[in-house]
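Peer 1: This structure is in structure tokens; I'll ask about it shortly.
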Amino acid sequence: MEANKSLRACIVAESSLDISAILKLLESYDIGPEVFSIRDEALNRQSEKPFDLLVVGDDPTTGDGLKLIKDFLAVNWVTSSIVICDVDEENIHERAEGLGILGHIRTAGDVQSLARLLARFKQMAS
């Protein structure tokens, strides 16, 4: 990765979700966020200029977030991902098997878990 290339994150979440803590933490890690509430708009942007990181909410009943990860990886297989889903670790890893997610956070406000995942992401990206 080029030393002067800034990292970019795509956040896809319902408009009702408070992502302010996520945005603040991303910026503290020098990761520029773009926020989308419509998955197709995010995917179009991914096709134009791939993101380094995808942070996506997932509903376990539909799996829409995991489907979006698959679509993002089809465009750029090195895009990392973090899932927001209120399920246990075993459940999310079973459902996300083969997607290579960095991990998941149970809520958008779980900054401790997110910080740990972002530190791992930054280490991998450098």
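Residues are referred to by chain and number: the chain letter is A, B, ... according to the order shown in the structure tokens, the number counts from 1 in that chain, and ligands are numbered separately from 1 in the order shown.
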Based on the backbone DSSP call, show me all residues of stretch 1-66 of chain A assigned alpha helix (DSSP H), as a tab-separated table (two decimals) with C-alpha atoms, in the first residue's frame.

Peer 2:
```tsv
chain	number	residue	atom	x	y	z
A	20	SER	CA	-21.75	8.36	15.49
A	21	ALA	CA	-19.39	6.30	17.69
A	22	ILE	CA	-18.25	4.30	14.63
A	23	LEU	CA	-17.59	7.46	12.64
A	24	LYS	CA	-15.60	9.03	15.45
A	25	LEU	CA	-13.50	5.91	15.95
A	26	LEU	CA	-12.81	5.50	12.21
A	27	GLU	CA	-11.62	9.08	12.01
A	28	SER	CA	-9.35	8.57	15.03
A	39	ARG	CA	-26.87	-1.20	-0.28
A	40	ASP	CA	-27.01	-0.74	-4.09
A	41	GLU	CA	-25.56	2.77	-3.80
A	42	ALA	CA	-22.71	1.41	-1.68
A	43	LEU	CA	-22.09	-1.39	-4.17
A	44	ASN	CA	-22.05	1.08	-7.08
A	45	ARG	CA	-19.46	3.17	-5.23
A	46	GLN	CA	-17.43	0.01	-4.52
A	47	SER	CA	-17.43	-0.70	-8.27
A	48	GLU	CA	-16.20	2.83	-9.05
A	64	ASP	CA	-28.56	-9.06	3.85
A	65	GLY	CA	-25.33	-7.73	5.36
A	66	LEU	CA	-23.45	-10.94	4.61
```

Peer 1: Which residues, written as number ranges by chain, have at least one atom at most 9 Å from stretch 6-13 of chain A, with only C-alpha atoms counted and residues fewer than 4 positions away on the same chain left out?

Peer 2: A: 2, 17-19, 22-23, 26, 30-39, 42, 46, 50-58, 65, 84, 122, 125

Peer 1: Could you check how far atom CA of A:Val75 sits from atom CA of A:Lys49, in Å to one decimal?

Peer 2: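 Answer for the atom CA of A:Val75 to atom CA of A:Lys49 separation: 9.7 Å.
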
Peer 1: What lies within 10 Å of A:Lys67 using only C-alpha atoms, ignoring chain neighbours under 5 positions off, as JSON, numbers by chain?

Peer 2: {"A": [58, 62, 72, 73, 96, 99]}

Peer 1: Could you work out how far atom CA of A:Glu90 lies from atom CA of A:Arg106, giving the answer in Å with one decimal?

Peer 2: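 Interatomic distance, atom CA of A:Arg106 to atom CA of A:Glu90: 12.5 Å.
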
Peer 1: Give me, as a ChimeraX atom specification, all polymer residues having an atom no more than 10 Å from A:Glu89, counting only C-alpha atoms and skipping those fewer than 2 positions away in the same chain.

Peer 2: /A:85-87,91-94,103-106

Peer 1: Could those selected residues go to a file with C-alpha atoms, as a JSON list (two decimals), in the first residue's frame?

Peer 2:
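File selection12.json, as written:
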```json
[["chain", "number", "residue", "atom", "x", "y", "z"],
["A", 85, "CYS", "CA", -25.02, -8.07, 14.42],
["A", 86, "ASP", "CA", -26.39, -8.89, 17.86],
["A", 87, "VAL", "CA", -25.47, -12.59, 17.88],
["A", 91, "ASN", "CA", -23.14, -17.87, 15.26],
["A", 92, "ILE", "CA", -21.65, -15.05, 13.19],
["A", 93, "HIS", "CA", -18.57, -17.07, 12.22],
["A", 94, "GLU", "CA", -20.72, -20.02, 11.18],
["A", 103, "GLY", "CA", -14.91, -9.90, 13.15],
["A", 104, "HIS", "CA", -18.16, -8.50, 14.42],
["A", 105, "ILE", "CA", -19.54, -6.10, 16.98],
["A", 106, "ARG", "CA", -22.89, -6.68, 18.63]]
```

Peer 1: May I ask which of the residues A:Asp88, A:Gln112, A:Ser81, A:Ala119 is the closest one to A:Gly100, counting only C-alpha atoms?

Peer 2: A:Ser81

Peer 1: Between atom CA of A:Ala108 and atom CA of A:Gly63, what distance in Å does the model show, to one decimal?

Peer 2: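 Result for atom CA of A:Ala108 versus atom CA of A:Gly63: 17.4 Å, one decimal.
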
Peer 1: Run DSSP on the backbone of this structure and report the residues of chain A it assigns to strand (DSSP E or B), as a list in words.

Peer 2: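 Written out, the strand (DSSP E or B) residues of chain A are Leu7, Arg8, Ala9, Cys10, Ile11, Val12, Ile31, Gly32, Pro33, Glu34, Val35, Phe36, Leu53, Leu54, Val55, Val56, Gly57, Ser80, Ser81, Ile82, Val83, Ile84, Gly103, His104 and Ile105 of chain A.
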